[in-house]
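Down below is the structure, laid out as structure tokens.
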Protein chains: 2
Amino acid sequence: MFIFAAKLFILKFMVRDKKPLILVTNDDGFQAKGINELIHALKELGEIVVIAPDGPRSGMSSAITSYIPLRINKISQDKHITIYSCTGTPVDCVKLGVNEILNKKPDLVVSGINHGSNSAISVIYSGTLGATLEGCIFEIPSIGISLTDHSPDADFSEAVKIGKQIAEKVLREGLPPGICLNLNVPDERKLKGLKICSQTKAFWKKEFVKNKDPFGETIYWLTGHLHNEEPHNTNSDEWALEHGYAALVPVQIDMTAYSMIEKLKHWES
Amino acid sequence: MFIFAAKLFILKFMVRDKKPLILVTNDDGFQAKGINELIHALKELGEIVVIAPDGPRSGMSSAITSYIPLRINKISQDKHITIYSCTGTPVDCVKLGVNEILNKKPDLVVSGINHGSNSAISVIYSGTLGATLEGCIFEIPSIGISLTDHSPDADFSEAVKIGKQIAEKVLREGLPPGICLNLNVPDERKLKGLKICSQTKAFWKKEFVKNKDPFGETIYWLTGHLHNEEPHNTNSDEWALEHGYAALVPVQIDMTAYSMIEKLKHWES
């Protein structure tokens with residue numbers, strides 16, 4: 001199935017003699033440095049359409065907007081790059097792109113490059129990964145890319161290089177239905193290499209700063225740090241990042257715990 | 001591990017001779033009918049602390065709030081039930097509960113009963129399930145419960161009955177770390193029974209209604225219907241619901257596609 005899909009991909013580009021269509025989004029907003037460096041690199045691989053939030057949407061996970069309507073603004077257009085901003089979440093951006101803006105299904109969705117890590121359990125909370133999963137739900141090969149440095153002016157050069165390499169591989173080889181990729185890149189001047197990893201078992205600890213607002217009312221700021229439950233697992237994404245490697249985790253949209261189905265069968269009625 | 005965890009659970013309640021502590025939340029807000037019927041049923045099983053959003057948070061997935069501070073209000077308190085509302089998302093509610101409000105880790109998290117189905121791929125978008133996954137991340141046995149009827153005045157009687165049964169089983173038998181439960185209940189006067197299922201392969205189609213606002217600007221409303229890609233899979237949750245059964249899917253927080261790791265190894269560098 002996987003090899004067959006890859007062959008179909010190659011055939012499609014050969015026959016049409018057309019550049020692949022790449023939908024780019026993120027959760028930091030269309031003006032962030034990370035997405036703009038990504039666009040610059042990916043334009044060599046295909047026609048780029050950017051549909052990204054009009055401002056920061058970090059931690060939006062796979063949230064969707066249904067109580068209020070969504071709006072889209074065309075920011076700019078040249079021969080190979082069209083940029084739209086959207087009032088919604090990262091997932092809304094992908095949904096609007098595929099359903100309303102693009103006149104054909106993209107060949108690739110790339111989300112990022114995020115300012116900040118989306119390794120380990122953060123895959124669950126991340127808007128960057130929300131958009132990646134959404135591409136995958138539409139059966140479009142999809143990649144989320146994140147750099148461990150949060151700063152607005154982070155150095156994306158290594159992340160851009162490896163991100164582009166992965167995008168090329170995915171355009172060439174395809175991905176099986178239901179599986180997308182989560183690429184995290186450490187904040188290093190020179191990467192040691194790339195490791196294929198599993199999602200590290202971890203959770204966030206000491207999550208809140210309790211404070212008072214100017215009126216004396218209690219408020220809570222979400223913060224905290226990631227507690228790694230398996231620091232010695234050399235196959236985990238956190239281990240790779242801590243040791244200077246980019247970490248690539250294949251992620252699936254089927255969340256069924258199949259190992260548990262037989263064990264629960266005695267509950268059936 | 002599973003049986004061991006279950007024995008520990010039973011032992012804990014016997015030794016302490018105390019009622020279990022149950023954290024209840026949802027994504028429809030603390031005033032919704034679904035959560036109030038759930039609270040009423042669960043109070044027979046333990047001490048109830050409700051921390052639920054102050055209004056609707058449907059489709060919030062595992063979104064978290066970090067740009068603005070969170071607030072909590074105590075709504076009511078009696079001997080066995082304390083109710084708080086929270087300005088954040090369903091995940092924020094669980095995080096605030098475990099980190100700040102409760103003086104011990106709850107023995108069970110129950111999220112719901114949602115007004116509307118969270119079967120198939122909706123597990124990814126659902127705030128109800130976001131809160132359930134969050135309980136699971138904290139290694140608390142956790143259940144999300146949803147009724148397929150969206151209406152504010154839906155009949156929750158069958159959902160309450162089966163939901164309470166599942167909660168009792170989970171308190172007695174425990175759940176393995178990293179696995180929680182997604183219970184969906186069809187809108188039937190009398191359930192045919194309970195089936196242990198997998199997450200149906202499905203996606204949302206025809207998702208937007210394009211319209212104009214009063215000022216002539218284009219707006220998009222998210223809508224659509226679920227397209228089932230495996231309508232004949234008798235093990236899927238959609239099949240169970242369509243045939244009058246409650247559907248229980250074990251869900252895991254590790255989203256790694258392990259089947260893909262070996263296939264990607266040749267990308268390593």
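Residues in the structure tokens are numbered from 1 in each chain, the chains being A, B, ... in the order shown, and ligands are numbered from 1 in the order shown.
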Contacts between chain B and chain A, please, where a residue of chain A counts if it comes within 6 Å (with only C-alpha atoms); show its shortest atom pair and distance in Å to one decimal, rows by chain and ascending number, as a Markdown table.
```
| residue | atom | partner | partner_atom | distance |
| --- | --- | --- | --- | --- |
| A:Gly59 | CA | B:Ile64 | CA | 5.3 |
| A:Met60 | CA | B:Ala63 | CA | 4.3 |
| A:Ser61 | CA | B:Ala63 | CA | 4.9 |
| A:Ser62 | CA | B:Tyr125 | CA | 5.4 |
| A:Ala63 | CA | B:Met60 | CA | 4.3 |
| A:Ile64 | CA | B:Gly59 | CA | 5.3 |
| A:Ser66 | CA | B:Leu222 | CA | 5.2 |
| A:Pro69 | CA | B:Trp221 | CA | 4.8 |
| A:Leu70 | CA | B:Tyr220 | CA | 4.9 |
| A:Arg71 | CA | B:Ile219 | CA | 5.2 |
| A:Tyr125 | CA | B:Ser62 | CA | 5.4 |
| A:Gly193 | CA | B:Ser269 | CA | 4.8 |
| A:Leu194 | CA | B:Glu268 | CA | 5.1 |
| A:Lys195 | CA | B:Glu268 | CA | 5.3 |
| A:Ser198 | CA | B:Thr256 | CA | 5.6 |
| A:Gln199 | CA | B:Thr256 | CA | 5.7 |
| A:Ile219 | CA | B:Arg71 | CA | 5.2 |
| A:Tyr220 | CA | B:Leu70 | CA | 4.9 |
| A:Trp221 | CA | B:Pro69 | CA | 4.8 |
| A:Leu222 | CA | B:Ser66 | CA | 5.2 |
| A:Pro250 | CA | B:Ala257 | CA | 5.2 |
| A:Val251 | CA | B:Thr256 | CA | 4.7 |
| A:Gln252 | CA | B:Ala257 | CA | 5.1 |
| A:Met255 | CA | B:Val251 | CA | 5.4 |
| A:Thr256 | CA | B:Val251 | CA | 4.7 |
| A:Ala257 | CA | B:Val251 | CA | 5.0 |
| A:Glu268 | CA | B:Leu194 | CA | 5.1 |
| A:Ser269 | CA | B:Gly193 | CA | 4.8 |
```
So that I can check the surroundings of Gly144 (chain B), please list as an NGL selection string every protein, DNA and RNA residue that reaches within 8 Å of it, counting only C-alpha atoms and ignoring chain neighbours fewer than 4 positions away. :B and (110-113 or 128-129 or 131-132 or 181-183)
Writing out the chosen residues with C-alpha atoms as a PDB file, in the first residue's frame:
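The resulting part_27.pdb:
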```pdb
ATOM      1  CA  VAL B 110     -15.648  11.733  34.100  1.00  0.00           C
ATOM      2  CA  SER B 111     -16.254  14.202  31.260  1.00  0.00           C
ATOM      3  CA  GLY B 112     -19.752  14.743  29.888  1.00  0.00           C
ATOM      4  CA  ILE B 113     -22.431  13.815  29.310  1.00  0.00           C
ATOM      5  CA  THR B 128     -15.199  16.271  26.139  1.00  0.00           C
ATOM      6  CA  LEU B 129     -12.452  13.904  25.042  1.00  0.00           C
ATOM      7  CA  ALA B 131     -10.645  16.593  29.247  1.00  0.00           C
ATOM      8  CA  THR B 132     -10.727  12.787  29.299  1.00  0.00           C
ATOM      9  CA  LEU B 181     -12.447   5.367  27.652  1.00  0.00           C
ATOM     10  CA  ASN B 182     -14.701   7.054  25.101  1.00  0.00           C
ATOM     11  CA  LEU B 183     -18.348   6.080  25.661  1.00  0.00           C
TER      12      LEU B 183
END
```
Please identify which residues in region 77-244 of chain B DSSP calls strand (DSSP E) from the backbone, and express them as a ChimeraX atom specification. /B:77,81-86,108-115,142-147,179-185,193-196,202-205,208-212,218-222,225-228
Contact residues around region 106-108 of chain A with only C-alpha atoms at 9 Å, ignoring same-chain residues under 4 positions, as a compact mmCIF listing (two decimals) with N, CA and C atoms, in the first residue's frame:
```txt
# COMPACT_ATOMS: atom_id res chain seq x y z
N PHE A 9 2.35 8.78 -6.49
CA PHE A 9 2.81 10.16 -6.29
C PHE A 9 3.77 10.57 -7.39
N PRO A 20 4.22 20.18 -7.42
CA PRO A 20 3.22 19.81 -6.42
C PRO A 20 2.66 21.05 -5.70
N LEU A 21 1.43 20.90 -5.21
CA LEU A 21 0.78 21.98 -4.47
C LEU A 21 0.99 21.73 -2.97
N ILE A 22 1.59 22.70 -2.29
CA ILE A 22 1.92 22.55 -0.86
C ILE A 22 1.12 23.58 -0.05
N LEU A 23 0.30 23.08 0.87
CA LEU A 23 -0.44 23.96 1.79
C LEU A 23 0.39 24.14 3.06
N VAL A 24 0.69 25.39 3.38
CA VAL A 24 1.51 25.68 4.56
C VAL A 24 0.66 26.41 5.60
N GLY A 97 -8.83 25.72 3.67
CA GLY A 97 -7.98 25.53 2.49
C GLY A 97 -8.50 24.42 1.60
N VAL A 98 -8.69 23.27 2.18
CA VAL A 98 -9.08 22.09 1.39
C VAL A 98 -10.50 22.23 0.85
N LEU A 102 -8.57 26.18 -2.06
CA LEU A 102 -7.78 25.50 -3.09
C LEU A 102 -8.72 24.83 -4.10
N GLY A 135 -4.55 17.63 8.08
CA GLY A 135 -4.12 17.25 6.73
C GLY A 135 -4.21 15.74 6.57
N ILE A 140 -3.99 13.65 3.12
CA ILE A 140 -2.90 14.39 2.48
C ILE A 140 -1.64 14.11 3.30
N PRO A 141 -0.52 13.73 2.66
CA PRO A 141 0.71 13.55 3.43
C PRO A 141 1.03 14.85 4.18
N SER A 142 1.28 14.76 5.48
CA SER A 142 1.36 15.97 6.31
C SER A 142 2.51 15.89 7.30
N ILE A 143 3.16 17.05 7.48
CA ILE A 143 4.33 17.15 8.37
C ILE A 143 4.16 18.36 9.29
N ALA A 167 10.36 17.06 3.69
CA ALA A 167 9.27 17.38 2.75
C ALA A 167 9.56 16.75 1.38
N VAL A 170 8.91 13.03 1.60
CA VAL A 170 7.47 12.71 1.68
C VAL A 170 6.82 12.91 0.31
N LEU A 171 7.22 13.97 -0.41
CA LEU A 171 6.67 14.16 -1.76
C LEU A 171 7.06 12.99 -2.68
```
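Pairwise distance (CA of Ile75 (chain B), CA of Thr87 (chain B)) equals 12.9 Å.
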Report as a PyMOL selection string all protein, DNA and RNA residues lying within 8 Å of region 146-159 of chain A, evaluated on only C-alpha atoms, omitting residues in the same chain fewer than 4 positions from it. chain A and resi 32-34+37+112-118+128+163+183-191
Nearest residue to Gln31 (chain B) out of B:Cys136, B:Val109, B:Ile83, B:Leu241, using only C-alpha atoms? B:Ile83
Could you pull out the alpha helix (DSSP H) residues of region 84-182 of chain B, going by DSSP on the backbone, and write them as number ranges by chain? B: 90-96, 122-125, 127-137, 157-173
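Distances from A:Ile145, A:Ile101, A:Pro214, A:Ser122 to His227 (chain A) were compared using only C-alpha atoms, and the smallest one belongs to A:Ser122.
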Rounded to one decimal place, report the CA of Asp27 (chain B)-CA of Val160 (chain B) distance in Å.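 A separation of 16.8 Å between them.
Counting from CA of Phe30 (chain B), the distance to CA of Pro53 (chain B) is 6.0 Å.
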Nearest-residue call for Ile39 (chain A), choices A:Lys104, A:Lys212, A:Lys164, A:His225, using only C-alpha atoms: A:Lys164
